[in-house]
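Colleague: Attaching a single structure in structure tokens format; questions to follow.
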Number of protein chains: 2
Amino acid sequence: MKSIRYASLLFSLAVAAGNLANAQTQTSVPLSIMPLPASVTPGQGEFPIDGQFTVGFKGFTEPRLDRARTRFLNILFRETGIPFSAEPAPSSASFEIEVKGPSQTIEKLGEDESYHLTVAPDSVHLTAANPLGAMHGLQTFLQLVRITPHGFTLPAVTIDDKPRFPWRGLMIDSGRHFIPLPVIERNLDAMEAVKLNVFHWHLSDDQGFRVESKVFPLLQQKGSNGLFYTQEQIRHIVEYARDRGIRVVPEFDMPAHATSWFAGYPNLASGKGPYEIAKEWGVLDPAMDPTRESTYQFLNLLIGEMSALFPDAYFHIGGDECDGKEWDANPAIQEFKRKHNLKDNAALQAYFTARVQKIVTSHHRIMEGWDEVLQPDTPKDVVIQSWRGRDSLLEAAQRGYRAILSNGYYIDLNQPASEHYLVDPLEGISDKLTPEQTASILGGEATIWSEFVTGETIDSRIWPRTAAIAERYWSPQSVRDVDSMYARMNQEAVRLQSYRITPQATTEEMLERMSGDSNPEALRVLASVVQPPKGYQRGGLRKYTTASPLNRLVDAVPPESETARVFHQLSERIAAGKATPEEIQTAHDWLVRWRDNDARLQPSLGNSDLTAELAPVSRSLKQTAEIGLQTLEVLKANGTIDAATQKQQLAALAAAEKPQAVLLQMVAPAVELLVKSVKIQ
Amino acid sequence: MKSIRYASLLFSLAVAAGNLANAQTQTSVPLSIMPLPASVTPGQGEFPIDGQFTVGFKGFTEPRLDRARTRFLNILFRETGIPFSAEPAPSSASFEIEVKGPSQTIEKLGEDESYHLTVAPDSVHLTAANPLGAMHGLQTFLQLVRITPHGFTLPAVTIDDKPRFPWRGLMIDSGRHFIPLPVIERNLDAMEAVKLNVFHWHLSDDQGFRVESKVFPLLQQKGSNGLFYTQEQIRHIVEYARDRGIRVVPEFDMPAHATSWFAGYPNLASGKGPYEIAKEWGVLDPAMDPTRESTYQFLNLLIGEMSALFPDAYFHIGGDECDGKEWDANPAIQEFKRKHNLKDNAALQAYFTARVQKIVTSHHRIMEGWDEVLQPDTPKDVVIQSWRGRDSLLEAAQRGYRAILSNGYYIDLNQPASEHYLVDPLEGISDKLTPEQTASILGGEATIWSEFVTGETIDSRIWPRTAAIAERYWSPQSVRDVDSMYARMNQEAVRLQSYRITPQATTEEMLERMSGDSNPEALRVLASVVQPPKGYQRGGLRKYTTASPLNRLVDAVPPESETARVFHQLSERIAAGKATPEEIQTAHDWLVRWRDNDARLQPSLGNSDLTAELAPVSRSLKQTAEIGLQTLEVLKANGTIDAATQKQQLAALAAAEKPQAVLLQMVAPAVELLVKSVKIQ
């Protein structure tokens, strides 16, 4: 059940852990579908996938559906290795898809995305009101495929499915680190796989303006270090996304987070300049000058140009984290505030937002903004994206705005999948809203901010955790079983390899690179139990700029150690006295491996300046494992421990839990559980 | 030193093997360059690669060189994780490239490809007569990068380099299995990495015609099952290859191997038809009718159309394996032979070839053909590609033809890299040739025929072995150290991951897929010591057609088991009485692992119809390991064995060496060495 290849544990350990996970999830998860459908009715028998398998359409057809069929067959080939005919299907196909009619030319929020899928032993039928539902059904089909003693099959089943929320998004920040086009493409593929339908594209920030503007070419010429998307590439991505039932909502962040604009157009800014692309991370002072008409003339032309590129009805103007320092330092702006009776900078930003909203509206777009844009006079059609807390979501809905939730879905913060998974847009607030207000909460968006990710590492930060978040947005609210989620998410991680999302392979390549060793076995063992720091901790541990290479262990490992998670579960059972002797033996073997790994790893760490800093991390793992082994001995003997020793052990573990080399060692918290479960003498 | 990730052995074993290999190669291979340069002079110190690294051009420039620079920086990023500026270099770059002048607009055989590279601690200089040499030098630079205790560096060195042969090719067969465009692209990237300069593209065969023809559209419409390259895609690949200093030589095989043509144009054929795309492999009867003028009119138009797509001076018309059966069965053709005094089918084919040669020449191309086209009257400008044996190479050169060698470089036959590596185009024949005749041997081509490869598996069949073959074509004839070759080839396999050649990841995905297990540890152990059958054996072991899925263990594993190769070396040392106690212990631990693996693997094999057939292979590995362990005990005790027992053991090993489940188990030959080294009582 472990998908993390580089954590190549001894076979017996892997089997034990696998059995543990299976035992926990087998009853509740017969099918490894993610997100789980609204309704699943098991049937009798299986439908075989072999070389005779064919796909045909009935009812409405369009070129997009033909392409969806080709894409479906390509993935099915990757899932099975069976070649399927690339020719159009014959009249009687074994998998028949009936689409009732077209979807909107420009995909619209709230379109019917439902589908009905019936798998019988001799045929499969998929029906949907439009291509959007049909494409969702194709992805469900692909998730049902599994190998059996008689070949690849789908279990007989009837599925009736539709999404809980109409806005199910992933935001990618191409501003801070440029994310190459192929990476965007494969993430759209993966979004389709888990039925996400909004790609929110954060396209500008202090560190880069990433779209070619023909009206204001200095934006990309002076604001991108040469790393930007051409208009042709943007159009390609919009088409690519539409092909997958995904809307593209562009974001151009303003009035702050816009230093890169000012490199080419300093007159837009409130300060004196000169400006250059920001090299630091964080909340920076530069902000547009909201008092000059020329600012709005510029924005009118730019938003007009960008609206022509992005056909979606929604246009995101950011609006977050304007610290107002440049405004305070500019006498003309101070004078403007007084003259217009704007009591503070929030009021000044509200004035700016209202002006921009009119521009956005004049280009036939609906404005969206981060929750800072929610002010007393904000026009009612603005969509609020809550990021600072859930309160703004509630407030927005109560005041009649439509809103989406991102607070709790900040996947750049390296929290466990379970934490994101249990955040529900409606939890704890639905009883405070009318049904109409509840319906105005449109859904949510996972957000990957890119201070600490590059095109190389972004996949491992987004996936597979975003599959769990996608389930939150799609599946019934009652779907909340964390063990089932992990079991299915790990399966989904394997499946996403067919969509070219291969973070495990990237981890392995990075370990080889940083060690200069083509088989860095001992480094893999260490890597399997460490994690990046959580929340906003990383920036405080070391100085990072836009030029910092992200090529160390913290960048190579996934945000959540699956090995440590399973070991933590084991430790919980042991601490609670519920573990079997086999489970205790598994924990013991694991601890031995971690203890002994240090002696194997230390000699090579100094060969590379990227691994030299790992020496104390490896030692800490050894010490943690030694404490764990001592504790297991005591527990097995039903013995006790003296208070002083326990105190010492807990102090050592507390030290081991502190970040070292910008890494969290994740065995220590589990061993702490074990230590605390021992009786004091 | 092991690059095969899925062969995740116990740490101690891996280290032991690594040390073994290091000990063997350390003295002879200071730098991991492949192909080895003509001349390397070590210097003092190191050149650091950090964020300040910049690349600039002096002398001749062109857009292709700018793109080469971008590509170089992308690979350097993948090798280091350090971001480099995408902006054009400043005036004083730390890496200065001086190109004297342009290369030919259409790359020509025999252009100057030499370069001179000087790495000093403070700067790097590359000079070349033209962009071809410069691009080779860039690849050498990338191979010199390694991680050290003070970061990524290049050792100070002076390299003077040029190729031994002007024609260094890789042939890919897109006819039998269509190979998708991205796969072609990344193989061109990898060809550039190892300085190959000819992409021979086998574009039609009995099973498919893979290029869009606008003149004869039924070729692709009825002859490709929808799997073909558009003309736009062809032009893209030609440009893509030229960008990498690679010529593209198209092959349209005729008069046989052309059934797919006849599906749309049956009048071309000698038989009555009707014809359809071949579903079987092998030498098939259909052949063009060489007696009808309409055949030559067709070929004239088609070759004219294709020459416009492929600008290279050479045009390959195949000419191999025409069995003549359709000719014998056609009275009109028999009559034609009599009338024209053509004594046999070879003479008839020579007539055909001569006619086609005139057509090819009329389109300003030089004809190339497989060695069958070498007949008494073959025009002297035809290039002969020797595949059936080395005799034709010698004969061609002696008779004044230019020739290239492919016999010995058939990488689809799954021979070890060492066998291909030691095949030299000039070995044993240069003393039979004048200097001028010797110079007419232009080089060689590795060939990957695609009966048993798909786009999914082709990378592992081509790489890394083709890197060793590339060294044969590029490096001085005296470079023949097999141990050094394996050490550097395994390093190159790691490096090729930066060029998106990731067969190890594909192996892992295929093992997961066939087992339905996301961590198939025991299956990996078995996979690490089995190989596909060699030569033409596979087709005789099981019935294969174009519809056969290639998704079993034989397809997942690389052609050469690195684990078994290293174990074989160990066994040789043990059998010769030269092994250290540590080496004997390593062999012992390995054998224990293989013996015990069976009990772990068997329970899961039946879960999948793709792995069920592996039960006897796993058992055979267990038995082999048991014999090995018994033998080691005897050897350690300096004991003897009775003749009957030895006979039994050898019989068991002989059985284990026979293909099972279309696989060769590669531990048995090594254990056989051990058994044979024991003294008889």
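FYI, nothing fancy with the structure tokens labels: chains A, B, ... in order, residues from 1 per chain, ligands from 1 as they appear.
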Residues of chain A near chain B: apply a cut-off of 6 Å, count only C-alpha atoms, and supply the list as a PyMOL selection string.
Modeller: chain A and resi 1-3+81-82+86-87+147-151+226+516+518-519+549+551+607-609
Colleague: Which residues, written as a CSV table (one decimal) with N, CA and C atoms, in the first residue's frame, have at least one atom at most 12 Å from stretch 345-348 of chain B, with only C-alpha atoms counted and residues fewer than 2 positions away on the same chain left out?
Modeller:
chain,number,residue,atom,x,y,z
B,255,PRO,N,11.4,-3.8,-52.1
B,255,PRO,CA,10.1,-4.1,-52.6
B,255,PRO,C,9.3,-5.0,-51.6
B,287,ALA,N,5.2,-8.5,-52.0
B,287,ALA,CA,6.3,-7.6,-52.6
B,287,ALA,C,5.8,-6.8,-53.8
B,288,MET,N,6.4,-5.7,-54.0
B,288,MET,CA,6.0,-4.9,-55.1
B,288,MET,C,6.2,-5.6,-56.4
B,289,ASP,N,5.4,-5.2,-57.4
B,289,ASP,CA,5.6,-5.8,-58.8
B,289,ASP,C,6.7,-5.0,-59.5
B,290,PRO,N,7.8,-5.6,-59.7
B,290,PRO,CA,8.9,-4.8,-60.3
B,290,PRO,C,8.8,-4.8,-61.8
B,291,THR,N,7.8,-5.4,-62.4
B,291,THR,CA,7.7,-5.5,-63.8
B,291,THR,C,6.8,-4.4,-64.4
B,319,GLY,N,15.2,-2.8,-49.0
B,319,GLY,CA,15.7,-3.8,-50.0
B,319,GLY,C,15.9,-5.1,-49.3
B,320,ASP,N,15.6,-5.3,-48.1
B,320,ASP,CA,15.9,-6.5,-47.3
B,320,ASP,C,14.8,-7.6,-47.4
B,321,GLU,N,15.1,-8.8,-47.3
B,321,GLU,CA,14.2,-9.9,-47.0
B,321,GLU,C,13.0,-10.0,-48.0
B,322,CYS,N,13.3,-9.9,-49.3
B,322,CYS,CA,12.3,-10.2,-50.3
B,322,CYS,C,12.4,-11.7,-50.6
B,323,ASP,N,11.3,-12.4,-50.2
B,323,ASP,CA,11.4,-13.9,-50.3
B,323,ASP,C,11.1,-14.4,-51.7
B,324,GLY,N,10.5,-13.5,-52.6
B,324,GLY,CA,10.3,-13.8,-54.0
B,324,GLY,C,9.1,-14.7,-54.2
B,325,LYS,N,8.4,-15.1,-53.2
B,325,LYS,CA,7.3,-16.1,-53.4
B,325,LYS,C,6.1,-15.5,-54.2
B,326,GLU,N,5.8,-14.2,-54.0
B,326,GLU,CA,4.8,-13.6,-54.9
B,326,GLU,C,5.2,-13.5,-56.3
B,327,TRP,N,6.5,-13.3,-56.5
B,327,TRP,CA,7.1,-13.2,-57.8
B,327,TRP,C,7.0,-14.6,-58.5
B,328,ASP,N,7.3,-15.6,-57.8
B,328,ASP,CA,7.3,-16.9,-58.4
B,328,ASP,C,5.8,-17.3,-58.8
B,329,ALA,N,4.9,-16.8,-58.0
B,329,ALA,CA,3.5,-17.2,-58.2
B,329,ALA,C,2.8,-16.4,-59.3
B,333,ILE,N,5.2,-12.0,-64.1
B,333,ILE,CA,6.5,-11.7,-63.6
B,333,ILE,C,7.5,-12.7,-64.1
B,334,GLN,N,7.1,-14.0,-64.1
B,334,GLN,CA,7.9,-15.1,-64.6
B,334,GLN,C,8.3,-14.8,-66.1
B,335,GLU,N,7.3,-14.4,-66.8
B,335,GLU,CA,7.5,-14.1,-68.2
B,335,GLU,C,8.5,-12.9,-68.4
B,336,PHE,N,8.3,-11.9,-67.6
B,336,PHE,CA,9.2,-10.7,-67.6
B,336,PHE,C,10.6,-11.1,-67.4
B,337,LYS,N,10.8,-12.0,-66.4
B,337,LYS,CA,12.2,-12.5,-66.1
B,337,LYS,C,12.8,-13.1,-67.3
B,338,ARG,N,12.0,-14.0,-67.9
B,338,ARG,CA,12.6,-14.7,-69.1
B,338,ARG,C,12.9,-13.7,-70.2
B,339,LYS,N,12.0,-12.8,-70.5
B,339,LYS,CA,12.1,-11.9,-71.5
B,339,LYS,C,13.4,-11.0,-71.3
B,340,HIS,N,13.6,-10.6,-70.1
B,340,HIS,CA,14.7,-9.7,-69.8
B,340,HIS,C,16.0,-10.5,-69.3
B,341,ASN,N,15.9,-11.8,-69.4
B,341,ASN,CA,17.1,-12.6,-69.1
B,341,ASN,C,17.6,-12.4,-67.7
B,342,LEU,N,16.6,-12.3,-66.8
B,342,LEU,CA,16.9,-12.2,-65.3
B,342,LEU,C,16.9,-13.6,-64.8
B,343,LYS,N,18.0,-14.1,-64.4
B,343,LYS,CA,18.1,-15.6,-64.1
B,343,LYS,C,17.4,-16.0,-62.8
B,350,ALA,N,17.6,-6.9,-58.3
B,350,ALA,CA,18.7,-5.9,-58.8
B,350,ALA,C,18.1,-5.0,-59.8
B,351,TYR,N,17.3,-5.6,-60.7
B,351,TYR,CA,16.7,-4.7,-61.8
B,351,TYR,C,15.8,-3.7,-61.1
B,352,PHE,N,15.0,-4.1,-60.1
B,352,PHE,CA,14.1,-3.2,-59.4
B,352,PHE,C,15.0,-2.1,-58.7
B,353,THR,N,16.0,-2.5,-58.0
B,353,THR,CA,16.9,-1.6,-57.3
B,353,THR,C,17.5,-0.6,-58.2
B,354,ALA,N,18.0,-1.0,-59.3
B,354,ALA,CA,18.6,-0.1,-60.3
B,354,ALA,C,17.6,0.9,-60.8
B,355,ARG,N,16.3,0.5,-61.0
B,355,ARG,CA,15.3,1.5,-61.4
B,355,ARG,C,15.0,2.5,-60.3
B,372,GLU,N,21.3,-6.6,-49.1
B,372,GLU,CA,20.8,-7.2,-50.2
B,372,GLU,C,20.9,-6.4,-51.5
B,373,VAL,N,21.0,-5.1,-51.4
B,373,VAL,CA,21.0,-4.3,-52.6
B,373,VAL,C,22.4,-4.4,-53.3
B,374,LEU,N,23.4,-4.9,-52.6
B,374,LEU,CA,24.7,-5.0,-53.2
B,374,LEU,C,24.7,-6.2,-54.2
B,375,GLN,N,24.6,-5.9,-55.4
B,375,GLN,CA,24.6,-6.9,-56.5
B,375,GLN,C,25.6,-6.5,-57.5
B,376,PRO,N,25.9,-7.4,-58.5
B,376,PRO,CA,26.9,-7.1,-59.5
B,376,PRO,C,26.9,-5.7,-60.1
B,377,ASP,N,25.7,-5.2,-60.4
B,377,ASP,CA,25.6,-4.0,-61.2
B,377,ASP,C,25.2,-2.8,-60.3
B,378,THR,N,25.2,-2.9,-59.0
B,378,THR,CA,24.7,-1.8,-58.2
B,378,THR,C,25.6,-0.5,-58.4
Colleague: Any idea what's packed within 12 Å of B:Asp596, counting only C-alpha atoms, ignoring anything in its chain fewer than 3 positions away? Could you give it as a PDB file with N, CA and C atoms, in the first residue's frame?
Modeller:
ATOM      1  N   PHE A  11      11.464  -6.156   3.106  1.00  0.00           N
ATOM      2  CA  PHE A  11      10.202  -6.694   2.623  1.00  0.00           C
ATOM      3  C   PHE A  11       9.208  -6.974   3.743  1.00  0.00           C
ATOM      4  N   SER A  12       9.678  -7.592   4.786  1.00  0.00           N
ATOM      5  CA  SER A  12       8.745  -8.000   5.833  1.00  0.00           C
ATOM      6  C   SER A  12       8.053  -6.801   6.449  1.00  0.00           C
TER       7      SER A  12
ATOM      8  N   ALA B 522       8.979  -7.930  -3.596  1.00  0.00           N
ATOM      9  CA  ALA B 522       9.510  -9.256  -3.945  1.00  0.00           C
ATOM     10  C   ALA B 522       9.568  -9.436  -5.455  1.00  0.00           C
ATOM     11  N   VAL B 525      12.733  -7.946  -6.740  1.00  0.00           N
ATOM     12  CA  VAL B 525      13.917  -8.791  -6.548  1.00  0.00           C
ATOM     13  C   VAL B 525      14.028  -9.793  -7.689  1.00  0.00           C
ATOM     14  N   LEU B 526      12.900 -10.428  -8.036  1.00  0.00           N
ATOM     15  CA  LEU B 526      12.930 -11.356  -9.167  1.00  0.00           C
ATOM     16  C   LEU B 526      13.287 -10.605 -10.448  1.00  0.00           C
ATOM     17  N   ASP B 589      25.160 -13.440   0.872  1.00  0.00           N
ATOM     18  CA  ASP B 589      23.984 -12.666   1.261  1.00  0.00           C
ATOM     19  C   ASP B 589      23.017 -12.510   0.087  1.00  0.00           C
ATOM     20  N   TRP B 590      23.598 -12.319  -1.078  1.00  0.00           N
ATOM     21  CA  TRP B 590      22.748 -12.207  -2.259  1.00  0.00           C
ATOM     22  C   TRP B 590      21.962 -13.510  -2.479  1.00  0.00           C
ATOM     23  N   LEU B 591      22.663 -14.609  -2.403  1.00  0.00           N
ATOM     24  CA  LEU B 591      22.002 -15.906  -2.635  1.00  0.00           C
ATOM     25  C   LEU B 591      20.900 -16.158  -1.601  1.00  0.00           C
ATOM     26  N   VAL B 592      21.170 -15.766  -0.365  1.00  0.00           N
ATOM     27  CA  VAL B 592      20.147 -15.935   0.681  1.00  0.00           C
ATOM     28  C   VAL B 592      18.902 -15.128   0.307  1.00  0.00           C
ATOM     29  N   ARG B 593      19.141 -13.912  -0.142  1.00  0.00           N
ATOM     30  CA  ARG B 593      18.012 -13.051  -0.508  1.00  0.00           C
ATOM     31  C   ARG B 593      17.191 -13.681  -1.631  1.00  0.00           C
ATOM     32  N   ALA B 599       9.428 -17.441  -1.158  1.00  0.00           N
ATOM     33  CA  ALA B 599       8.338 -17.575  -0.179  1.00  0.00           C
ATOM     34  C   ALA B 599       7.564 -16.261  -0.058  1.00  0.00           C
ATOM     35  N   ARG B 600       8.240 -15.157  -0.271  1.00  0.00           N
ATOM     36  CA  ARG B 600       7.565 -13.861  -0.181  1.00  0.00           C
ATOM     37  C   ARG B 600       6.746 -13.554  -1.427  1.00  0.00           C
ATOM     38  N   LEU B 601       7.266 -14.044  -2.558  1.00  0.00           N
ATOM     39  CA  LEU B 601       6.642 -13.678  -3.827  1.00  0.00           C
ATOM     40  C   LEU B 601       5.465 -14.577  -4.196  1.00  0.00           C
ATOM     41  N   GLN B 602       5.603 -15.863  -3.947  1.00  0.00           N
ATOM     42  CA  GLN B 602       4.595 -16.807  -4.454  1.00  0.00           C
ATOM     43  C   GLN B 602       3.153 -16.445  -4.070  1.00  0.00           C
ATOM     44  N   SER B 618      10.323 -17.966 -10.246  1.00  0.00           N
ATOM     45  CA  SER B 618      10.713 -17.678  -8.870  1.00  0.00           C
ATOM     46  C   SER B 618      11.242 -18.932  -8.180  1.00  0.00           C
ATOM     47  N   ARG B 619      10.577 -20.054  -8.426  1.00  0.00           N
ATOM     48  CA  ARG B 619      11.045 -21.316  -7.830  1.00  0.00           C
ATOM     49  C   ARG B 619      12.427 -21.676  -8.356  1.00  0.00           C
ATOM     50  N   LEU B 621      14.692 -19.646  -9.334  1.00  0.00           N
ATOM     51  CA  LEU B 621      15.677 -18.763  -8.688  1.00  0.00           C
ATOM     52  C   LEU B 621      16.015 -19.301  -7.297  1.00  0.00           C
ATOM     53  N   LYS B 622      14.979 -19.751  -6.605  1.00  0.00           N
ATOM     54  CA  LYS B 622      15.201 -20.314  -5.267  1.00  0.00           C
ATOM     55  C   LYS B 622      16.130 -21.536  -5.341  1.00  0.00           C
ATOM     56  N   GLN B 623      15.833 -22.441  -6.260  1.00  0.00           N
ATOM     57  CA  GLN B 623      16.648 -23.654  -6.376  1.00  0.00           C
ATOM     58  C   GLN B 623      18.082 -23.311  -6.768  1.00  0.00           C
ATOM     59  N   THR B 624      18.204 -22.379  -7.702  1.00  0.00           N
ATOM     60  CA  THR B 624      19.537 -21.937  -8.113  1.00  0.00           C
ATOM     61  C   THR B 624      20.316 -21.396  -6.917  1.00  0.00           C
ATOM     62  N   ALA B 625      19.652 -20.568  -6.124  1.00  0.00           N
ATOM     63  CA  ALA B 625      20.313 -19.969  -4.966  1.00  0.00           C
ATOM     64  C   ALA B 625      20.702 -21.046  -3.956  1.00  0.00           C
ATOM     65  N   GLU B 626      19.840 -22.028  -3.786  1.00  0.00           N
ATOM     66  CA  GLU B 626      20.164 -23.117  -2.854  1.00  0.00           C
ATOM     67  C   GLU B 626      21.427 -23.858  -3.303  1.00  0.00           C
ATOM     68  N   LEU B 629      24.365 -21.663  -2.573  1.00  0.00           N
ATOM     69  CA  LEU B 629      24.719 -21.626  -1.152  1.00  0.00           C
ATOM     70  C   LEU B 629      25.444 -22.904  -0.732  1.00  0.00           C
TER      71      LEU B 629
END
Colleague: Please report the interatomic distance between atom CA of A:Leu422 and atom CA of A:Ala656 in Å with one decimal.
Modeller: 28.3 Å
Colleague: Pick from A:Ala470, A:Leu541, A:Ile159, A:Leu117: nearest to A:Asn197, with only C-alpha atoms counted?
Modeller: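 Looking only at the distances to A:Asn197, the closest residue turns out to be A:Ala470.
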Colleague: In Å to one decimal, how far is atom CA of B:Val667 from atom CA of B:Phe567?
Modeller: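 Between atom CA of B:Phe567 and atom CA of B:Val667 the gap is 7.5 Å.
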Colleague: As a ChimeraX atom specification, list the residues of stretch 413-447 of chain A assigned to strand (DSSP E or B) by DSSP on the backbone atoms of this structure.
Modeller: /A:441-447
Colleague: In Å, with one decimal, what is the gap from atom CA of A:Lys162 to atom CA of A:Arg64?
Modeller: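 Interatomic distance here is 20.8 Å.
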Colleague: What residues in stretch 556-613 of chain A get the DSSP label alpha helix (DSSP H)? Please answer as a PyMOL selection string.
Modeller: chain A and resi 556+562-575+581-605
Colleague: For stretch 306-308 of chain B, find every residue with an atom within 9 Å (counting only C-alpha atoms), except residues of its own chain fewer than 4 positions away, and show them as a PDB file with C-alpha atoms, in the first residue's frame.
Modeller:
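Result saved to around.pdb:
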ATOM      1  CA  VAL B 211       4.010   9.125 -42.838  1.00  0.00           C
ATOM      2  CA  SER B 213       1.322  11.293 -47.972  1.00  0.00           C
ATOM      3  CA  PRO B 250      14.266   8.231 -43.914  1.00  0.00           C
ATOM      4  CA  LEU B 301       5.880  10.531 -57.131  1.00  0.00           C
ATOM      5  CA  LEU B 302       6.180   9.225 -53.584  1.00  0.00           C
ATOM      6  CA  ASP B 312      19.167  14.887 -46.092  1.00  0.00           C
ATOM      7  CA  PHE B 315      17.485   8.174 -48.877  1.00  0.00           C
ATOM      8  CA  VAL B 360      16.214   8.470 -56.049  1.00  0.00           C
ATOM      9  CA  HIS B 363      15.379  13.628 -56.790  1.00  0.00           C
ATOM     10  CA  HIS B 364      18.963  14.590 -55.920  1.00  0.00           C
ATOM     11  CA  ARG B 365      19.373  11.978 -53.238  1.00  0.00           C
TER      12      ARG B 365
END
Colleague: Which is closest to B:Val356 among B:Gly101, B:Gly304, B:Gly455, B:Pro331, if we use only C-alpha atoms?
Modeller: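 Once distances to B:Val356 are computed over only C-alpha atoms, the minimum belongs to B:Gly304.
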Colleague: Which residue out of A:Gly169, A:Gly43, A:Gly428, A:Pro533 has the minimum interatomic distance to A:Asp555 when only C-alpha atoms are used?
Modeller: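 Nearest to A:Asp555: A:Pro533.
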Colleague: Quick one: everything within 12 Å of A:Arg244, counting only C-alpha atoms, minus sequence neighbours fewer than 4 positions away in the same chain. Send it as a PyMOL selection string.
Modeller: chain A and resi 64-69+71-72+107+131-136+138-139+185-199+237-240+248
